[in-house]
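Asks: Just dropping this structure here.
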Amino acid sequence: MLDRAARRDVSAPLSIWVVSDGRIGMENQALGLAEAVQRLTPAAISVRRIRWRPAFDKLPSALKTSWMLDLSSDPTEPAAGEEWPDLWIATGRATLPMSTRVRELSGGRTFVVQTQDPRWRNGAYDLVVAPAHDRVEGANVLSITGSPHRVTEARLAEGAADFADRLQRLPHPRIAALIGGRSRAFDLTEAHAADLADRIAGAIEAAGGSLMLTFSRRTPETAKAVLTERLKPLPGWTWDGEGPNPYFAYLHFADHILVTEDSANMAAEAAATGKPVHILPMIPLKPADKFARLHGDLRERGAARPFDGVLESWSYAPLAETDRAARTVLERMTKG
């Protein structure tokens, strides 16, 4: 069988399909990796979103077939006159039934990358890009610190330009606080949110700085309300979810970044900035060994430390794990 390079026009841009269930946190992993590949070689990216009909959504991946897809799903097979993409990058459980079939359906044309730990038929993909803290093993597995993401110096500068008038006049040190919420491993109660707010306020007041506060979709409304109210006297901006998202601008303008320990994605993104990352404690609901491994990895790399109420500064080389993954994708594709 010819290798992939021989089956495609190597003078044409690489065609990449980014596939997820459409949730931003999931999609950004696959899209971030695709954009990193695009920075290395000319490529055209197409975003495809998979949704299953409610009656079939909870079925095991092995039982799902394409006719069970919701009508709102984007096409996951080429239309008439189209070809399969050169590279399929997918994230999340919803994509697995299609991802496992792409190599066969494309006649071996398409290189299939699955991010995260698939936990099902891990050998069915050309490459699995998995968080090191998940301890996934296999000849086709690349372990990275955290997950792929879209944070780059250029993207942060682009985001900053949209909010410069509002953020660049804030007093230093500027503190970006990225607040998560309830998950299977952690909780953020009203009382704990109040405690976090007091500790954050104390640190910022002692430093004479300002606050840039944002919440995730998982932040309980009660926790959001108490954090907003208690931190309101500080100079800065609390994004309420209305209008354009200043997340990239926050990361750009921040001198320090506070991240609650429940979010592996936000911790990895923060560590890509080269700025001190302070991990805020949450209430554990069960053992969270994988988060402990991630935070230990970030500490070893000089990026993160537990928040101790003091805004101590330090420096480190920004993590570039998404770029490393992109280089590996292209190397594996070249090998065929």
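Residue names in the structure tokens use chain letters A, B, ... in the order shown, residue numbers from 1 in each chain, and ligand numbers from 1 in the order shown.
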Run DSSP on the backbone and grab whatever in stretch 64-227 of chain A lands in helix (DSSP H, G or I); send it over as a PyMOL selection string.

Replies: chain A and resi 66-68+93-105+122-124+132-134+153-167+190-207+221-227

Asks: For stretch 218-230 of chain A, please output as a PyMOL selection string all residues within 12 Å (counting only C-alpha atoms; exclusion window: fewer than 3 positions along the same chain).

Replies: chain A and resi 25+177-184+186-202+211-215+233-234+236-241+260+262-263+282

Asks: Write out as an mmCIF file with C-alpha atoms, in the first residue's frame the residues lying within 6 Å of stretch 286-303 of chain A, counting only C-alpha atoms and excluding same-chain residues fewer than 5 positions away.

Replies:
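This is the output file around-v3.cif:
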```cif
data_model
loop_
_atom_site.group_PDB
_atom_site.id
_atom_site.type_symbol
_atom_site.label_atom_id
_atom_site.label_comp_id
_atom_site.auth_asym_id
_atom_site.auth_seq_id
_atom_site.Cartn_x
_atom_site.Cartn_y
_atom_site.Cartn_z
ATOM 1 C CA HIS A 133 -1.744 12.679 34.278
ATOM 2 C CA ALA A 185 -13.924 15.277 41.951
ATOM 3 C CA ALA A 271 1.157 27.589 32.075
ATOM 4 C CA TYR A 316 9.828 29.709 33.727
#
```

Asks: Quick one: pull the distance between atom CA of A:Arg51 and atom CA of A:Trp84, Å, one decimal.

Replies: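 Computing the Euclidean distance for atom CA of A:Arg51 and atom CA of A:Trp84 yields 20.0 Å.
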
Asks: So how many Å separate atom CA of A:Lys232 and atom CA of A:Ser210, to one decimal?

Replies: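 Computed distance, atom CA of A:Lys232 to atom CA of A:Ser210, equals 10.8 Å.
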
Asks: For A:Ala325, find every residue with an atom within 12 Å (counting only C-alpha atoms), except residues of its own chain fewer than 2 positions away, and show them as a VMD selection string.

Replies: chain A and resid 29 to 30 32 to 37 40 89 113 to 115 127 to 131 141 to 149 319 to 323 327 to 332

Asks: Taking the DSSP secondary structure from the backbone, can you list the residues of stretch 53-245 of chain A that are strand (DSSP E or B), as a VMD selection string?

Replies: chain A and resid 69 87 to 91 111 to 115 127 to 131 141 to 144 174 to 179 186 to 187 210 to 215 236 to 238

Asks: Ranking A:Met26, A:Val277, A:Ala94, A:Ala254 by minimum distance to A:Leu170 and counting only C-alpha atoms, which one comes first?

Replies: A:Ala254

Asks: Of the candidates A:Thr65, A:Gln38, A:Arg101, A:Leu167, which one gets nearest to A:Ala326 if we count only C-alpha atoms?

Replies: A:Gln38

Asks: Restricting the calculation to only C-alpha atoms, which member of A:Val47, A:Ala161, A:Leu59, A:Ala90 is positioned closest to A:Ala249?

Replies: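 Going through A:Val47, A:Ala161, A:Leu59, A:Ala90 one by one, the smallest distance to A:Ala249 is for A:Ala161.
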
Asks: Show me, as a compact mmCIF listing (two decimals) with N, CA, C and O atoms, in the first residue's frame, the residues that have an atom within 8 Å of A:Ala43 when counting only C-alpha atoms, minus same-chain residues fewer than 2 positions from it.

Replies:
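Final file, result-v4.txt:
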```txt
# COMPACT_ATOMS: atom_id res chain seq x y z
N PRO A 13 -2.49 22.37 0.31
CA PRO A 13 -2.56 22.49 1.77
C PRO A 13 -3.12 21.21 2.39
O PRO A 13 -3.97 20.54 1.80
N LEU A 14 -2.65 20.89 3.55
CA LEU A 14 -3.16 19.75 4.30
C LEU A 14 -4.63 20.02 4.64
O LEU A 14 -4.97 21.13 5.07
N SER A 15 -5.49 19.06 4.45
CA SER A 15 -6.89 19.22 4.84
C SER A 15 -7.09 18.58 6.22
O SER A 15 -6.72 17.43 6.44
N ILE A 16 -7.66 19.36 7.14
CA ILE A 16 -7.85 18.90 8.52
C ILE A 16 -9.31 19.05 8.91
O ILE A 16 -9.90 20.12 8.73
N VAL A 37 -0.72 22.54 14.05
CA VAL A 37 -0.26 21.90 12.81
C VAL A 37 -0.22 22.93 11.69
O VAL A 37 0.74 22.99 10.90
N GLN A 38 -1.24 23.77 11.62
CA GLN A 38 -1.33 24.79 10.58
C GLN A 38 -0.19 25.80 10.67
O GLN A 38 0.22 26.37 9.66
N THR A 41 2.69 23.94 8.77
CA THR A 41 2.56 23.61 7.35
C THR A 41 1.24 24.19 6.84
O THR A 41 0.28 24.29 7.61
N ILE A 45 -8.57 24.13 7.67
CA ILE A 45 -9.25 23.50 8.80
C ILE A 45 -10.76 23.61 8.63
O ILE A 45 -11.29 24.69 8.35
```

Asks: Just give me the gap between atom CA of A:Arg103 and atom CA of A:Trp88 in Å, one decimal is fine.

Replies: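 Value for the atom CA of A:Arg103-atom CA of A:Trp88 distance: 9.5 Å.
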